[in-house]
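Visitor: Let me give you the structure first, and then I'll get to my questions.
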Amino acid sequence: MIELPKTSRRRFLRNIGYLSVGFPLLNSCSSKQDLTVAARMNYDGNLPGSIRNASQVNAWLQVLEDGRVMVFSGKVELGQGIRMAICQVAAEELDLELDQVEVHMAETGLTPDEGYTAGSGSVQNSAMSVRYAAATARQKLVELASIKLKSPVEDLVFYNGKVKTKKGNQSLNFAEILDGVQIDMEVTVPVSLKVNTEYRYVGKPIPRKDIDKMVRAETNYIQDLRFPGMVHARVLRPKGYQSKLVKLDESGLSTEVSGVTKTVINGSFVGVITEREYQAVKAVDFLRNHSEWTVGSFFPDQKDLFTHIKSIADPSQSIRNDGDVNAGFGGNKTFKAAYTKPYLKHGSMGPACGIAIYDGDILHIWSHSQGIYPMRKAIAGMLKMEVDKIHVIAVPGAGCFGHSTADDAAADAAILAMNYPRKHIRVQWSREDEHTWDPFGTAMIMELEASLGEDGKIIAWKSEVWTDSHSMRPNDEPATLLDTRYLENPIELKSRGYLGGGHRNADPYYSIPNMQVNAHYFDGPLRVSSLRSLGSYTNIFSIESFMDELAEKAGKDPLEFRLAHLEDERAIAVVHKVREMCGDEVLKEGEGIGFAFSRYKNTAAYSALGAKVWVDKTTGEVQIKKMWAAVDVGEIINLDGITNQIEGGMIQAASWTLKEQVTFTQEEITSTDWSSYPIFRFSEISEVEVVMINRPDRPAEGGGEVSMPPTGAAIANAVYNASGKRIYDLPITAEKIKSR
Amino acid sequence: MPKYTLHINGSEKVVDTEPDTPLLYVLRDYLELNGPKFGCGLSQCGSCMVLVDGNAVTSCIRPVASVGDSKVVTLEGLTSKSGDLHPVQQAFVQEQAAQCGYCLNGMVMTSVGLLNRNTNPDEGEIKEALRMNLCRCGTHTRIIKAIKRAAKNL
């Protein structure tokens, strides 16, 4: 059983009033003279977007009855360790032990609405909001303690959840200071922040609290939640993307499968509810075998995919146009190359799960969605309910790496709960459904053209990118949810989703006087949405492959060629660092090293990648021997957490690069399990080495996606250096290396 | 429905269920154990692994009727009664060998199975033992380090 929410907290929260605003803010550096109290300085910069939407301290943190602190974040834990990072910044500013801070992740009505947990944006939004709110709370607590203890601020010590007089004969915890109320005041600049040289936690490799729980099987994933009387359900997905239900014969179901409670049919939506989980698996198999669906050719022939994409694309749109590209091409040596990337799956290890109960008034939903507030709007629209009548609690699932199927499973559970009220209904997706109905990362094409001057530098550059949407995340449009396609009154999708992700990083971060970027949007055949790093992976794969080709044409070392086009010192530093990391490598026969660089979104974190591969000359097989990354995310919150993210990103992107592509016939998706959609297994794993360049005085950037884009190109460049074969079409397979 | 008496984590459990119910569903749905995870139901990913008589095996397509008198240990059963972690569990914590942690059950169970028969595996043997186990977060290199560490601490 799980206790949600904690009763002690709820009682405390219910019984309290709120302090009225009006206490003057203390000056900063209140206890500078005291050695045990860290120095502080005023922060007068911008506040993150999240805090502008939820500006009160008590939106972000509240003091519990025992004096500990509950922090609220509108983001969700996806295995990226954001819960720990938020815990660290809160404990830092409030001078608490880490165990004195609990972090409550997203829940409607309780935590701030921070939209989606996406785009490597949680540290700079949620963690930084918590930092400013905690620092503001600290000022208020010191001030109130000073009044209560009748002791000037200079004579107080603020440490580990207690405020003591220096003589030590009086002390209060936070709850005693607040006396049953919470801090209801706005977070405004200037905020007095701890000086970063005095940090106890931030920037350190603090172990995550949840891994000890994971190894004990004490972590509650959504799949692990159990409620009294909970029933199980599965949904029978249509045969193909646009298939409609023609006939369903459920007459023999109850005799064939025990425990069947209810079948819900609404248009082409078919769900079955059973007492036990495996009964639902059998029931949905029975229904599949006793149903008829329309079939059709929904997809182009896979071998013609990229021709098809070009044929359906909109007229091109200008994204960037600096200088005069055509003049730059004229009279100079000009080179061209074209690159493609197939559709990719998120490939979460845990198929989606959703739990819901309709209590007759409120629909409660437990979901591992990346954005529970926006999802609530979509579900409200689908069910034609008031948003306020839906309560959503974020619960961790398996890592999802973008917008996957969590929201769709929540929608399934919501539909079934409305048809079978007052019972918790748990919907578990199958692996086949997860692989088939996942909103994939879109296939893309990038065509590049560049000219080199006499000095071997790039004079002009043109990027042409073909892309579908990179976010069809649930929002005001119910049609972003899969089920809305099949309900009796299907809802048509009005908008095309977020297209901007397609040209993310399509303009090189290099100093090139004439640069043009054009985007060709298409409304492609397969269901798509956000996949970790969006278009950047394809665009950087293409750009950084092309940079190596241009370097060779210019007769330059590939890293020197990049450095000659970089002005940003932080960019230059990661390139130097990765070169230094690989400096001692000795290459054997058939081995090669390749490099790539990117600054994520051209505005966020920096990474330079190195990959060493061996290519089997007879079979074309590629083995990665080692990968290196030098990364600068600005201020580091948790050194081990960010390192783990960078390492994992490299391995996942390497798997994309060498193995992965969604396959399909004209009728259906055919990569429906881990045999038909293979990803890296242990035998393919190389050593990885990450060096983080910490810049405590620069803004903290998220790092979840940062190592993905340059990994693909570093491998492609290494394969070229090892074998002399340049592969333009992902994935880089043995067959392609052999056949060229 | 038939009754099955199973030896789970050192005690006997009686379950009323259909003979074709996979062991995974018995462990999770009837016995409320959360260690073994549903990942594919196809014996392809290793998330559902348990020890059966000391060997790490998948539980998602193994019918309960086939379990018989075998001794089954789940992730929960590795921890001692007093809460002390098995050296493999401890090593996973020390190496922070997880991100989302969904595959961790299978990784830990396979590692325990490996160390049961080989107390000093080299990297090749570790990778071979983990060939069934998928991880999407990319924590593989940490997992390998954790197993090497656990082998030292056995």
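Letters A, B, ... go to the chains of the structure tokens in the order shown; residues in each chain start at 1; ligands are counted from 1 in the same order.
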Set the cut-off to 6 Å and count only C-alpha atoms: what are the residues of chain A that reach chain B? Output as a list in words.

Guide: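 Every residue of chain A that passes the 6 Å test is in Gly79, Gln80, Ile211, Asp212, Val215, Arg216, Ala217, Asp224, Met349, Gly350, Ala398, Gly399, Arg431, Gly648, Ile651, Gln652, Phe682 and Ser683 of chain A.
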
Visitor: Generate the output file for the selected residues, N, CA and C atoms, as a PDB file, in the first residue's frame.

Guide:
ATOM      1  N   GLY A  79      13.997   9.620 -13.193  1.00  0.00           N
ATOM      2  CA  GLY A  79      15.246   8.878 -13.098  1.00  0.00           C
ATOM      3  C   GLY A  79      16.449   9.767 -13.345  1.00  0.00           C
ATOM      4  N   GLN A  80      16.170  11.048 -13.623  1.00  0.00           N
ATOM      5  CA  GLN A  80      17.268  11.972 -13.922  1.00  0.00           C
ATOM      6  C   GLN A  80      17.861  12.568 -12.650  1.00  0.00           C
ATOM      7  N   ILE A 211      18.250   5.523  -4.445  1.00  0.00           N
ATOM      8  CA  ILE A 211      18.864   4.283  -4.949  1.00  0.00           C
ATOM      9  C   ILE A 211      18.923   3.224  -3.846  1.00  0.00           C
ATOM     10  N   ASP A 212      19.135   3.656  -2.618  1.00  0.00           N
ATOM     11  CA  ASP A 212      19.063   2.702  -1.503  1.00  0.00           C
ATOM     12  C   ASP A 212      17.666   2.072  -1.419  1.00  0.00           C
ATOM     13  N   VAL A 215      17.172  -0.566  -4.407  1.00  0.00           N
ATOM     14  CA  VAL A 215      17.760  -1.901  -4.262  1.00  0.00           C
ATOM     15  C   VAL A 215      17.000  -2.739  -3.226  1.00  0.00           C
ATOM     16  N   ARG A 216      16.222  -2.081  -2.382  1.00  0.00           N
ATOM     17  CA  ARG A 216      15.393  -2.801  -1.412  1.00  0.00           C
ATOM     18  C   ARG A 216      13.977  -3.046  -1.953  1.00  0.00           C
ATOM     19  N   ALA A 217      13.718  -2.649  -3.167  1.00  0.00           N
ATOM     20  CA  ALA A 217      12.376  -2.734  -3.754  1.00  0.00           C
ATOM     21  C   ALA A 217      11.369  -1.932  -2.936  1.00  0.00           C
ATOM     22  N   ASP A 224       3.780  -0.054  -9.223  1.00  0.00           N
ATOM     23  CA  ASP A 224       3.780  -0.726  -7.922  1.00  0.00           C
ATOM     24  C   ASP A 224       2.654  -0.254  -6.997  1.00  0.00           C
ATOM     25  N   MET A 349      11.898   1.129 -20.492  1.00  0.00           N
ATOM     26  CA  MET A 349      11.922  -0.251 -20.011  1.00  0.00           C
ATOM     27  C   MET A 349      10.581  -0.665 -19.394  1.00  0.00           C
ATOM     28  N   GLY A 350       9.825   0.292 -18.913  1.00  0.00           N
ATOM     29  CA  GLY A 350       8.546  -0.021 -18.284  1.00  0.00           C
ATOM     30  C   GLY A 350       7.416   0.459 -19.164  1.00  0.00           C
ATOM     31  N   ALA A 398       9.189   4.192 -15.312  1.00  0.00           N
ATOM     32  CA  ALA A 398      10.524   3.955 -15.850  1.00  0.00           C
ATOM     33  C   ALA A 398      10.922   5.170 -16.679  1.00  0.00           C
ATOM     34  N   GLY A 399      12.219   5.366 -16.869  1.00  0.00           N
ATOM     35  CA  GLY A 399      12.696   6.501 -17.658  1.00  0.00           C
ATOM     36  C   GLY A 399      12.013   6.528 -19.017  1.00  0.00           C
ATOM     37  N   ARG A 431       4.126  -4.591 -23.943  1.00  0.00           N
ATOM     38  CA  ARG A 431       5.325  -4.183 -24.683  1.00  0.00           C
ATOM     39  C   ARG A 431       4.991  -3.907 -26.142  1.00  0.00           C
ATOM     40  N   GLY A 648      24.873   8.264 -19.460  1.00  0.00           N
ATOM     41  CA  GLY A 648      23.700   7.563 -19.983  1.00  0.00           C
ATOM     42  C   GLY A 648      23.287   8.085 -21.338  1.00  0.00           C
ATOM     43  N   ILE A 651      25.525   6.607 -24.029  1.00  0.00           N
ATOM     44  CA  ILE A 651      25.243   5.201 -24.333  1.00  0.00           C
ATOM     45  C   ILE A 651      23.925   5.076 -25.099  1.00  0.00           C
ATOM     46  N   GLN A 652      22.919   5.830 -24.685  1.00  0.00           N
ATOM     47  CA  GLN A 652      21.643   5.766 -25.401  1.00  0.00           C
ATOM     48  C   GLN A 652      21.796   6.268 -26.834  1.00  0.00           C
ATOM     49  N   PHE A 682      24.635  -5.514 -23.194  1.00  0.00           N
ATOM     50  CA  PHE A 682      25.904  -5.315 -22.490  1.00  0.00           C
ATOM     51  C   PHE A 682      27.124  -5.580 -23.366  1.00  0.00           C
ATOM     52  N   SER A 683      27.017  -6.552 -24.283  1.00  0.00           N
ATOM     53  CA  SER A 683      28.177  -6.893 -25.108  1.00  0.00           C
ATOM     54  C   SER A 683      28.611  -5.712 -25.969  1.00  0.00           C
TER      55      SER A 683
END

Visitor: Residues of segment 610-646 of chain A classed as strand (DSSP E or B) by DSSP on the backbone are to be reported as an MDAnalysis selection string.

Guide: chainID A and resid 610:615 622:632 638

Visitor: Considering only C-alpha atoms, can you say which of B:Val52, B:Val15, B:Leu114, B:Leu31 comes closest to Asp69 of chain B?

Guide: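 Ranking B:Val52, B:Val15, B:Leu114, B:Leu31 by distance to Asp69 of chain B, first place goes to B:Val52.
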
Visitor: Could you tell me how far atom CA of Leu248 of chain A lies from atom CA of His290 of chain A, in Å and to one decimal?

Guide: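 It comes out at 6.0 Å.
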
Visitor: Quick one: distance from atom CA of Gly106 of chain B to atom CA of Ala654 of chain A in Å, one decimal?

Guide: 22.5 Å

Visitor: Nearest to Ala356 of chain A among A:Phe541, A:Phe227, A:Tyr373, A:Tyr600, with distances taken over only C-alpha atoms: which residue is it?

Guide: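 Comparing A:Phe541, A:Phe227, A:Tyr373, A:Tyr600 against Ala356 of chain A, the winner is A:Phe227.
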
Visitor: Enumerate the residues of segment 23-149 of chain B with a DSSP assignment of helix (DSSP H, G or I), computed from the backbone, and present them as number ranges by chain.

Guide: B: 23-30, 64-66, 75-78, 87-94, 104-117, 123-129, 140-149

Visitor: Now that the selection is made, can you save its residues with N, CA and C atoms as a short mmCIF file (atom, residue, chain, number, x, y, z; two decimals), in the first residue's frame?

Guide:
data_model
loop_
_atom_site.label_atom_id
_atom_site.label_comp_id
_atom_site.auth_asym_id
_atom_site.auth_seq_id
_atom_site.Cartn_x
_atom_site.Cartn_y
_atom_site.Cartn_z
N LEU B 23 4.72 -16.63 -13.18
CA LEU B 23 5.25 -16.39 -11.84
C LEU B 23 5.29 -14.90 -11.52
N LEU B 24 5.68 -14.08 -12.51
CA LEU B 24 5.76 -12.63 -12.28
C LEU B 24 4.46 -12.06 -11.72
N TYR B 25 3.33 -12.47 -12.32
CA TYR B 25 2.04 -11.93 -11.90
C TYR B 25 1.66 -12.46 -10.52
N VAL B 26 2.09 -13.68 -10.21
CA VAL B 26 1.84 -14.22 -8.87
C VAL B 26 2.61 -13.40 -7.84
N LEU B 27 3.86 -13.13 -8.14
CA LEU B 27 4.71 -12.39 -7.19
C LEU B 27 4.19 -10.97 -7.00
N ARG B 28 3.85 -10.31 -8.07
CA ARG B 28 3.46 -8.90 -7.98
C ARG B 28 2.01 -8.73 -7.54
N ASP B 29 1.12 -9.45 -8.22
CA ASP B 29 -0.31 -9.18 -8.06
C ASP B 29 -0.91 -9.91 -6.86
N TYR B 30 -0.43 -11.11 -6.57
CA TYR B 30 -0.97 -11.89 -5.45
C TYR B 30 -0.15 -11.68 -4.17
N VAL B 64 3.12 -20.48 -13.28
CA VAL B 64 3.23 -20.81 -11.85
C VAL B 64 3.23 -22.32 -11.65
N ALA B 65 2.50 -23.02 -12.51
CA ALA B 65 2.40 -24.48 -12.37
C ALA B 65 3.74 -25.17 -12.56
N SER B 66 4.70 -24.48 -13.21
CA SER B 66 6.00 -25.10 -13.48
C SER B 66 7.02 -24.84 -12.37
N LEU B 75 14.07 -9.66 -5.22
CA LEU B 75 14.92 -8.57 -4.73
C LEU B 75 14.71 -8.33 -3.24
N GLU B 76 13.47 -8.39 -2.81
CA GLU B 76 13.15 -8.18 -1.40
C GLU B 76 13.88 -9.20 -0.52
N GLY B 77 14.02 -10.42 -1.04
CA GLY B 77 14.59 -11.51 -0.26
C GLY B 77 16.10 -11.45 -0.12
N LEU B 78 16.73 -10.54 -0.83
CA LEU B 78 18.20 -10.43 -0.71
C LEU B 78 18.60 -9.70 0.56
N PRO B 87 25.76 -7.82 -0.57
CA PRO B 87 26.89 -7.07 -1.15
C PRO B 87 26.60 -6.49 -2.54
N VAL B 88 25.79 -7.18 -3.32
CA VAL B 88 25.46 -6.65 -4.65
C VAL B 88 24.58 -5.41 -4.52
N GLN B 89 23.58 -5.48 -3.65
CA GLN B 89 22.71 -4.31 -3.44
C GLN B 89 23.55 -3.12 -2.96
N GLN B 90 24.45 -3.43 -2.00
CA GLN B 90 25.29 -2.38 -1.43
C GLN B 90 26.17 -1.74 -2.52
N ALA B 91 26.71 -2.59 -3.38
CA ALA B 91 27.59 -2.08 -4.44
C ALA B 91 26.83 -1.20 -5.44
N PHE B 92 25.57 -1.56 -5.72
CA PHE B 92 24.77 -0.71 -6.61
C PHE B 92 24.55 0.66 -5.99
N VAL B 93 24.34 0.71 -4.67
CA VAL B 93 24.18 2.01 -4.00
C VAL B 93 25.50 2.78 -4.05
N GLN B 94 26.59 2.08 -3.74
CA GLN B 94 27.89 2.77 -3.68
C GLN B 94 28.30 3.31 -5.05
N LEU B 104 16.80 -2.22 -12.58
CA LEU B 104 17.75 -2.56 -11.51
C LEU B 104 17.47 -3.92 -10.89
N ASN B 105 16.20 -4.26 -10.75
CA ASN B 105 15.87 -5.57 -10.18
C ASN B 105 16.59 -6.69 -10.95
N GLY B 106 16.42 -6.67 -12.26
CA GLY B 106 17.02 -7.72 -13.08
C GLY B 106 18.54 -7.68 -13.03
N MET B 107 19.08 -6.47 -12.99
CA MET B 107 20.54 -6.33 -12.95
C MET B 107 21.08 -6.93 -11.65
N VAL B 108 20.42 -6.61 -10.55
CA VAL B 108 20.89 -7.12 -9.25
C VAL B 108 20.72 -8.64 -9.19
N MET B 109 19.57 -9.13 -9.62
CA MET B 109 19.33 -10.59 -9.51
C MET B 109 20.30 -11.36 -10.40
N THR B 110 20.56 -10.85 -11.61
CA THR B 110 21.52 -11.53 -12.50
C THR B 110 22.91 -11.52 -11.87
N SER B 111 23.27 -10.39 -11.27
CA SER B 111 24.59 -10.29 -10.66
C SER B 111 24.74 -11.27 -9.51
N VAL B 112 23.70 -11.40 -8.70
CA VAL B 112 23.75 -12.36 -7.59
C VAL B 112 23.87 -13.77 -8.16
N GLY B 113 23.09 -14.07 -9.19
CA GLY B 113 23.17 -15.38 -9.84
C GLY B 113 24.56 -15.66 -10.37
N LEU B 114 25.17 -14.64 -10.98
CA LEU B 114 26.53 -14.78 -11.51
C LEU B 114 27.53 -15.06 -10.38
N LEU B 115 27.45 -14.25 -9.33
CA LEU B 115 28.42 -14.39 -8.23
C LEU B 115 28.20 -15.68 -7.45
N ASN B 116 26.99 -16.24 -7.52
CA ASN B 116 26.74 -17.54 -6.90
C ASN B 116 27.59 -18.64 -7.54
N ARG B 117 27.89 -18.49 -8.84
CA ARG B 117 28.64 -19.55 -9.51
C ARG B 117 30.05 -19.13 -9.88
N GLU B 123 35.46 -8.85 -16.81
CA GLU B 123 34.47 -7.99 -17.48
C GLU B 123 33.69 -8.75 -18.56
N GLY B 124 34.38 -9.61 -19.28
CA GLY B 124 33.71 -10.39 -20.33
C GLY B 124 32.65 -11.31 -19.73
N GLU B 125 32.96 -11.92 -18.61
CA GLU B 125 31.99 -12.81 -17.97
C GLU B 125 30.80 -12.03 -17.41
N ILE B 126 31.09 -10.84 -16.91
CA ILE B 126 29.99 -10.00 -16.40
C ILE B 126 29.05 -9.63 -17.55
N LYS B 127 29.61 -9.18 -18.67
CA LYS B 127 28.78 -8.79 -19.81
C LYS B 127 28.00 -9.98 -20.36
N GLU B 128 28.63 -11.14 -20.38
CA GLU B 128 27.95 -12.34 -20.86
C GLU B 128 26.78 -12.69 -19.94
N ALA B 129 27.01 -12.58 -18.64
CA ALA B 129 25.95 -12.91 -17.69
C ALA B 129 24.75 -11.96 -17.84
N HIS B 140 24.88 1.13 -17.83
CA HIS B 140 25.62 -0.14 -17.94
C HIS B 140 27.01 -0.08 -17.30
N THR B 141 27.75 1.00 -17.57
CA THR B 141 29.14 1.02 -17.09
C THR B 141 29.19 1.07 -15.56
N ARG B 142 28.20 1.71 -14.96
CA ARG B 142 28.14 1.75 -13.50
C ARG B 142 27.77 0.37 -12.95
N ILE B 143 26.90 -0.32 -13.67
CA ILE B 143 26.49 -1.66 -13.23
C ILE B 143 27.69 -2.61 -13.25
N ILE B 144 28.49 -2.51 -14.30
CA ILE B 144 29.69 -3.36 -14.38
C ILE B 144 30.62 -3.05 -13.20
N LYS B 145 30.80 -1.76 -12.91
CA LYS B 145 31.65 -1.38 -11.76
C LYS B 145 31.08 -1.93 -10.46
N ALA B 146 29.76 -1.87 -10.33
CA ALA B 146 29.12 -2.34 -9.09
C ALA B 146 29.36 -3.84 -8.90
N ILE B 147 29.29 -4.60 -9.98
CA ILE B 147 29.48 -6.06 -9.85
C ILE B 147 30.93 -6.36 -9.47
N LYS B 148 31.86 -5.63 -10.08
CA LYS B 148 33.27 -5.83 -9.71
C LYS B 148 33.49 -5.50 -8.23
N ARG B 149 32.85 -4.45 -7.77
CA ARG B 149 32.99 -4.06 -6.37
C ARG B 149 32.36 -5.12 -5.46
#

Visitor: Counting only C-alpha atoms, which of A:Asp568, A:Glu689, A:Asp640, A:Asp322 gets nearest to Pro513 of chain A?

Guide: A:Asp322

Visitor: Tell me which protein, DNA and RNA residues are within 8 Å of Gly453 of chain A, counting only C-alpha atoms, leaving out same-chain ones fewer than 4 positions away, and put them as a list in words.

Guide: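 What passes the distance filter is Asn332, Lys333, Lys457, Ile458 and Ile459 of chain A.
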
Visitor: Please dump the current selection as a JSON list (two decimals), in the first residue's frame; keep N, CA and C atoms.

Guide:
[["chain", "number", "residue", "atom", "x", "y", "z"],
["A", 332, "ASN", "N", 33.89, 30.06, -54.85],
["A", 332, "ASN", "CA", 34.67, 29.32, -53.87],
["A", 332, "ASN", "C", 34.39, 27.83, -54.02],
["A", 333, "LYS", "N", 35.30, 27.03, -53.44],
["A", 333, "LYS", "CA", 35.08, 25.59, -53.46],
["A", 333, "LYS", "C", 33.88, 25.26, -52.58],
["A", 457, "LYS", "N", 38.99, 28.37, -44.21],
["A", 457, "LYS", "CA", 37.86, 28.62, -43.30],
["A", 457, "LYS", "C", 36.55, 28.67, -44.09],
["A", 458, "ILE", "N", 35.46, 28.42, -43.35],
["A", 458, "ILE", "CA", 34.16, 28.36, -44.01],
["A", 458, "ILE", "C", 33.67, 29.78, -44.30],
["A", 459, "ILE", "N", 33.31, 30.01, -45.52],
["A", 459, "ILE", "CA", 32.82, 31.34, -45.91],
["A", 459, "ILE", "C", 31.29, 31.37, -45.86]]

Visitor: To one decimal place in Å, what is the distance between atom CA of Trp437 of chain A and atom CA of Pro315 of chain A?

Guide: 29.1 Å

Visitor: Excluding Ile8 of chain B and residues on its chain fewer than 3 positions from it, collect all residues at most 9 Å away from it, counting only C-alpha atoms, and give them as a ChimeraX atom specification.

Guide: /B:11-13,27,70-74,77
